[in-house]
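First comes the structure, then the notes that go with it.
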Amino acid sequence: MKHRIVVLGAGYAGSFVAGNLARRLSPADTEITVVNAESEFVERLRLHQLAAGRKIEVQKLTKVFAGTGIRLRVARVTAVDPERQVVAVADADGGGELGYDTLVYALGSHVADQGVPGVAEHAFNVAGRPSALRLRRRLDSLEGATKGGEGRTVLVVGDGLTGIETATEIAESRPGLSVTLIARGELGARLSPGARAHLRRACDRLGVTVLEHTCVEAVETTRVLCADGSVLASDATVWAAGFTVGPIAAAGGLEVTESGRIAVDRTMRSVSHPNVYAAGDSAHAIGDNGRPLPMSCASAGYTSAQVIAAIIGNLTGRKVPHTKLDYTANHISLGRRDAIFQTVDDEARAKPKYVGGRKAARIKSAILRTSLWATSHPTFGLPKRKRRLTAAPSTSAERPGCVAA
């Protein structure tokens, strides 16, 4: 019997892990299954661009995994049972259960409503492809209702990277709309003074109105209510006030932190269930600076590399190395031709120097291209000899069953 590796999620983390495991482990000993709710690879880093109107080519996961031997299951994960070593899934055919010997949990994150009434019902977001397309359709309708959208207001709530990128992208792509960015504190507070000034100039250039020290207490269909009693009219409210993970890991009995992220050791192995690994936003990973890694594409890359090294080492009898777990910089796009590249120190504080303008935009563009290429070309550099497993696979009597859909 082959050792069954099941990867949950085919975002940046899950796709990268699955592809690299397929490259390095012998198919004579292992079978790899990827479970993902959509049939396409989603460039989450570009969803704000998709929402604003840019054309983003879609990569089919069948094409991404072609030639790897990876089995793709397009289904939604509904539960994980680490004691029985099974995953419950739901799809158009009803779903079923998948048994595993090694599980990689990379289901990522979704928008956090922060307990604010009306967010789920009335706000838009760019945390997923369906929601980004929903916002795009709304923006199209606003522009269609009047000449270029004149007199129509878009409120973007949240001044983190996602909020800033979304507000500036919409303002540049749809200049007829009035865009307001609502910041809970000072705009760009985590940036260096120079980078903050650059950000403000970009907002002024693009016509983005910034409301600082403003807390939204409720979202309604055509307005938002603020803590200071003010009411802001809105034709489309975009919620970008943070991300959170789903409840599946906690509900399944995996040890998680207060935020619901899976508690892992230095090798991304679950501290409660050693045959479960976590990567990307799902993992509560402590970086080399002693601080939890933030939810980001960079963290997905670092944690994925560690998962790959750990699984290969543990299954082939090799020493498990500690790969790099760094948080070194923030990259913020400000429309198509402007950006900020801000490096940080070991305490996650912004360094005085930053890169801005077209040079920073080129850096961000290169990062996007590299991330997509690395994920969508898992067979590149395919070794002629793959590593064999050293431990004997479990017998069928010892293994939980796999119920086909």
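Chains: A, B, ... in order of the structure tokens. Residues: from 1 per chain. Ligands: from 1, in order shown.
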
Members of region 214-387 of chain A assigned alpha helix (DSSP H) by DSSP, as number ranges by chain: A: 248-251, 297-316, 358-376

Give me the residues of region 128-184 of chain A that have any atom at most 12 Å from an atom of region 36-46 of chain A; for each, the nearest atom pair and the distance in Å, rounded to one decimal. Use only C-alpha atoms, sort by chain and number, and format it as a Markdown table.
```
| residue | atom | partner | partner_atom | distance |
| --- | --- | --- | --- | --- |
| A:Gly128 | CA | A:Arg44 | CA | 6.9 |
| A:Arg129 | CA | A:Val42 | CA | 6.8 |
| A:Pro130 | CA | A:Glu38 | CA | 10.0 |
| A:Ser131 | CA | A:Arg44 | CA | 11.4 |
| A:Ala132 | CA | A:Arg44 | CA | 9.8 |
| A:Leu133 | CA | A:Arg46 | CA | 12.0 |
| A:Leu161 | CA | A:Leu45 | CA | 10.5 |
| A:Thr162 | CA | A:Leu45 | CA | 8.9 |
| A:Glu165 | CA | A:Arg46 | CA | 9.6 |
| A:Thr166 | CA | A:Arg46 | CA | 9.7 |
| A:Glu169 | CA | A:Arg46 | CA | 10.4 |
```

Nearest to Arg152 (chain A), chosen from A:Thr222, A:Ser272, A:Thr102, A:Thr214, with only C-alpha atoms counted in the distances: A:Thr222

Show which residues sit within 7 Å of Gly357 (chain A), as an mmCIF file with C-alpha atoms, in the first residue's frame. Count only C-alpha atoms, and ignore same-chain residues fewer than 6 positions away.
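selection01.cif, freshly written:
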```
data_model
loop_
_atom_site.group_PDB
_atom_site.id
_atom_site.type_symbol
_atom_site.label_atom_id
_atom_site.label_comp_id
_atom_site.auth_asym_id
_atom_site.auth_seq_id
_atom_site.Cartn_x
_atom_site.Cartn_y
_atom_site.Cartn_z
ATOM 1 C CA ARG A 337 2.908 52.149 -11.845
ATOM 2 C CA ASP A 338 3.620 52.905 -8.207
ATOM 3 C CA ALA A 339 4.411 50.877 -5.100
ATOM 4 C CA ILE A 340 6.282 50.833 -1.812
#
```

For Ala360 (chain A), the nearest of the candidates A:Gly335, A:Gly246, A:Gly148, A:Gly118, counting only C-alpha atoms: A:Gly335

Strand (DSSP E) call set, DSSP backbone run, region 119-314 of chain A, as a PyMOL selection string: chain A and resi 153-157+178-182+209-211+216-219+223-226+231-233+236-239+243-244+262-263+276-278+283-284

Using C-alpha atoms, can you write the selected residues to a file as a tab-separated table (two decimals), in the first residue's frame?
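Final output, saved to result34.tsv:
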```
chain	number	residue	atom	x	y	z
A	153	THR	CA	-18.77	56.55	-3.68
A	154	VAL	CA	-16.70	53.49	-2.79
A	155	LEU	CA	-15.63	53.10	0.83
A	156	VAL	CA	-12.68	50.83	1.61
A	157	VAL	CA	-12.54	49.93	5.30
A	178	SER	CA	-15.02	58.60	-5.55
A	179	VAL	CA	-12.85	56.38	-3.33
A	180	THR	CA	-12.46	56.83	0.41
A	181	LEU	CA	-10.03	54.81	2.55
A	182	ILE	CA	-11.02	54.48	6.20
A	209	THR	CA	-9.81	60.52	0.38
A	210	VAL	CA	-8.31	59.22	3.63
A	211	LEU	CA	-10.23	59.26	6.91
A	216	VAL	CA	-16.72	51.62	11.68
A	217	GLU	CA	-19.40	50.18	13.97
A	218	ALA	CA	-21.96	48.98	11.39
A	219	VAL	CA	-22.34	48.50	7.66
A	223	ARG	CA	-23.95	53.78	4.32
A	224	VAL	CA	-21.61	52.96	7.20
A	225	LEU	CA	-22.01	54.08	10.81
A	226	CYS	CA	-18.93	55.25	12.67
A	231	VAL	CA	-22.61	58.48	8.91
A	232	LEU	CA	-20.86	57.96	5.57
A	233	ALA	CA	-22.79	57.38	2.38
A	236	ALA	CA	-20.13	50.01	-2.37
A	237	THR	CA	-18.39	49.24	0.92
A	238	VAL	CA	-15.27	47.08	0.65
A	239	TRP	CA	-14.26	45.35	3.89
A	243	PHE	CA	-8.34	38.06	7.88
A	244	THR	CA	-9.14	34.99	9.93
A	262	ILE	CA	-2.83	25.42	13.95
A	263	ALA	CA	-0.12	25.30	16.61
A	276	VAL	CA	-0.45	16.69	10.27
A	277	TYR	CA	1.48	19.66	8.90
A	278	ALA	CA	0.25	23.21	8.35
A	283	ALA	CA	-0.19	27.80	10.52
A	284	HIS	CA	0.73	29.70	13.66
```

May I have a table of the residues of region 203-266 of chain A lying at most 12 Å from region 316-333 of chain A, giving each one's closest pair of atoms and their distance in Å to one decimal, counting only C-alpha atoms, ordered by chain and ascending residue number, as a tab-separated table?
```
residue	atom	partner	partner_atom	distance
A:Cys203	CA	A:Ser333	CA	11.8
A:Asp265	CA	A:His322	CA	10.9
A:Arg266	CA	A:His322	CA	7.4
```

Suppose we keep C-alpha atoms; can you now write the selection as a short mmCIF file (atom, residue, chain, number, x, y, z; two decimals), in the first residue's frame?
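Output file out21.cif is given in full below:
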```cif
data_model
loop_
_atom_site.label_atom_id
_atom_site.label_comp_id
_atom_site.auth_asym_id
_atom_site.auth_seq_id
_atom_site.Cartn_x
_atom_site.Cartn_y
_atom_site.Cartn_z
CA CYS A 203 -3.45 58.84 -2.38
CA ASP A 265 6.61 23.19 15.94
CA ARG A 266 9.64 24.58 14.11
#
```

Nearest-residue call for Arg269 (chain A), choices A:Val6, A:Ala75, A:Ala310, A:Met295, using only C-alpha atoms: A:Ala310

Two-atom distance - CA of Ser173 (chain A), CA of Gly356 (chain A) (Å):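 So the two atoms, CA of Ser173 (chain A) and CA of Gly356 (chain A), lie 19.9 Å apart.
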
From A:Ser109, A:Ser192, A:Thr30, A:Ser15, residue lying nearest Pro352 (chain A) [only C-alpha atoms]: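 Of all the options, A:Ser192 lies closest to Pro352 (chain A).
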
Distance query Arg134 (chain A) at most 12 Å, only C-alpha atoms, self and fewer than 6 positions along chain excluded, as a ChimeraX atom specification: /A:47-48,50-53,122-128,140-141,236,238

Would you save the residues from that selection as a tab-separated table (two decimals), in the first residue's frame, using N, CA and C atoms?
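Below is the file that was written, result_20.tsv:
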```tsv
chain	number	residue	atom	x	y	z
A	47	LEU	N	-6.20	39.72	-6.50
A	47	LEU	CA	-7.65	39.79	-6.49
A	47	LEU	C	-8.17	41.24	-6.43
A	48	HIS	N	-7.41	42.13	-5.81
A	48	HIS	CA	-7.84	43.54	-5.82
A	48	HIS	C	-7.77	44.11	-7.24
A	50	LEU	N	-8.22	42.21	-9.99
A	50	LEU	CA	-9.37	41.59	-10.66
A	50	LEU	C	-10.64	42.36	-10.36
A	51	ALA	N	-10.84	42.72	-9.10
A	51	ALA	CA	-12.04	43.45	-8.70
A	51	ALA	C	-12.10	44.82	-9.36
A	52	ALA	N	-10.94	45.45	-9.53
A	52	ALA	CA	-10.92	46.80	-10.10
A	52	ALA	C	-11.14	46.79	-11.61
A	53	GLY	N	-11.00	45.62	-12.25
A	53	GLY	CA	-11.28	45.55	-13.68
A	53	GLY	C	-10.19	44.98	-14.54
A	122	HIS	N	-23.76	43.16	3.73
A	122	HIS	CA	-23.74	44.34	2.86
A	122	HIS	C	-22.37	44.71	2.29
A	123	ALA	N	-21.30	44.18	2.86
A	123	ALA	CA	-19.96	44.59	2.40
A	123	ALA	C	-19.42	43.65	1.33
A	124	PHE	N	-18.51	44.18	0.52
A	124	PHE	CA	-17.78	43.41	-0.47
A	124	PHE	C	-16.37	43.14	0.08
A	125	ASN	N	-15.66	42.18	-0.52
A	125	ASN	CA	-14.28	41.95	-0.12
A	125	ASN	C	-13.51	41.34	-1.28
A	126	VAL	N	-12.20	41.26	-1.13
A	126	VAL	CA	-11.33	40.69	-2.18
A	126	VAL	C	-10.54	39.51	-1.63
A	127	ALA	N	-11.14	38.77	-0.69
A	127	ALA	CA	-10.44	37.64	-0.07
A	127	ALA	C	-10.53	36.38	-0.91
A	128	GLY	N	-11.43	36.33	-1.88
A	128	GLY	CA	-11.58	35.16	-2.73
A	128	GLY	C	-12.00	35.58	-4.13
A	140	ASP	N	-18.87	47.84	-11.95
A	140	ASP	CA	-19.35	48.01	-13.32
A	140	ASP	C	-20.72	48.67	-13.34
A	141	SER	N	-21.59	48.22	-12.44
A	141	SER	CA	-22.94	48.77	-12.40
A	141	SER	C	-22.94	50.23	-11.98
A	236	ALA	N	-20.76	51.32	-2.48
A	236	ALA	CA	-20.13	50.01	-2.37
A	236	ALA	C	-19.11	50.08	-1.24
A	238	VAL	N	-16.21	48.19	0.76
A	238	VAL	CA	-15.27	47.08	0.65
A	238	VAL	C	-14.63	46.87	2.02
```

Selected residue of minimal separation from Tyr302 (chain A) among A:Leu191, A:Ala197, A:Ala120, A:Ala285, counting only C-alpha atoms: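 The shortest atom-to-atom distance to Tyr302 (chain A) comes from A:Ala285.
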
10 Å contact set for Gln114 (chain A), only C-alpha atoms, chain neighbours under 2 positions out, as a list in words: Val111, Ala112, Val116, Pro117, Val119, Glu217, Ala241, Gly242, Phe243 and Thr244 of chain A

Residue selection dump (N, CA and C atoms) as a short mmCIF file (atom, residue, chain, number, x, y, z; two decimals), in the first residue's frame:
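Result saved to out20.cif:
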```
data_model
loop_
_atom_site.label_atom_id
_atom_site.label_comp_id
_atom_site.auth_asym_id
_atom_site.auth_seq_id
_atom_site.Cartn_x
_atom_site.Cartn_y
_atom_site.Cartn_z
N VAL A 111 -11.93 36.72 4.93
CA VAL A 111 -12.08 38.03 5.53
C VAL A 111 -12.69 37.92 6.93
N ALA A 112 -12.21 38.74 7.85
CA ALA A 112 -12.72 38.77 9.22
C ALA A 112 -13.65 39.96 9.38
N VAL A 116 -18.46 43.19 13.41
CA VAL A 116 -19.19 44.40 13.03
C VAL A 116 -20.48 44.01 12.31
N PRO A 117 -21.63 44.47 12.81
CA PRO A 117 -22.92 44.13 12.17
C PRO A 117 -22.98 44.62 10.73
N VAL A 119 -21.49 43.48 8.00
CA VAL A 119 -20.38 43.21 7.07
C VAL A 119 -20.72 42.04 6.15
N GLU A 217 -18.64 51.01 13.02
CA GLU A 217 -19.40 50.18 13.97
C GLU A 217 -20.50 49.37 13.31
N ALA A 241 -10.59 44.79 6.63
CA ALA A 241 -10.12 45.03 8.00
C ALA A 241 -9.59 43.76 8.66
N GLY A 242 -8.88 42.96 7.89
CA GLY A 242 -8.22 41.80 8.48
C GLY A 242 -8.75 40.47 7.97
N PHE A 243 -8.00 39.41 8.32
CA PHE A 243 -8.34 38.06 7.88
C PHE A 243 -8.37 37.11 9.07
N THR A 244 -9.07 36.00 8.90
CA THR A 244 -9.14 34.99 9.93
C THR A 244 -9.22 33.62 9.26
#
```

Closest of A:Thr68, A:Gln342, A:Gln59, A:Thr168 to Val34 (chain A) - atom-to-atom distances counting only C-alpha atoms: A:Thr68
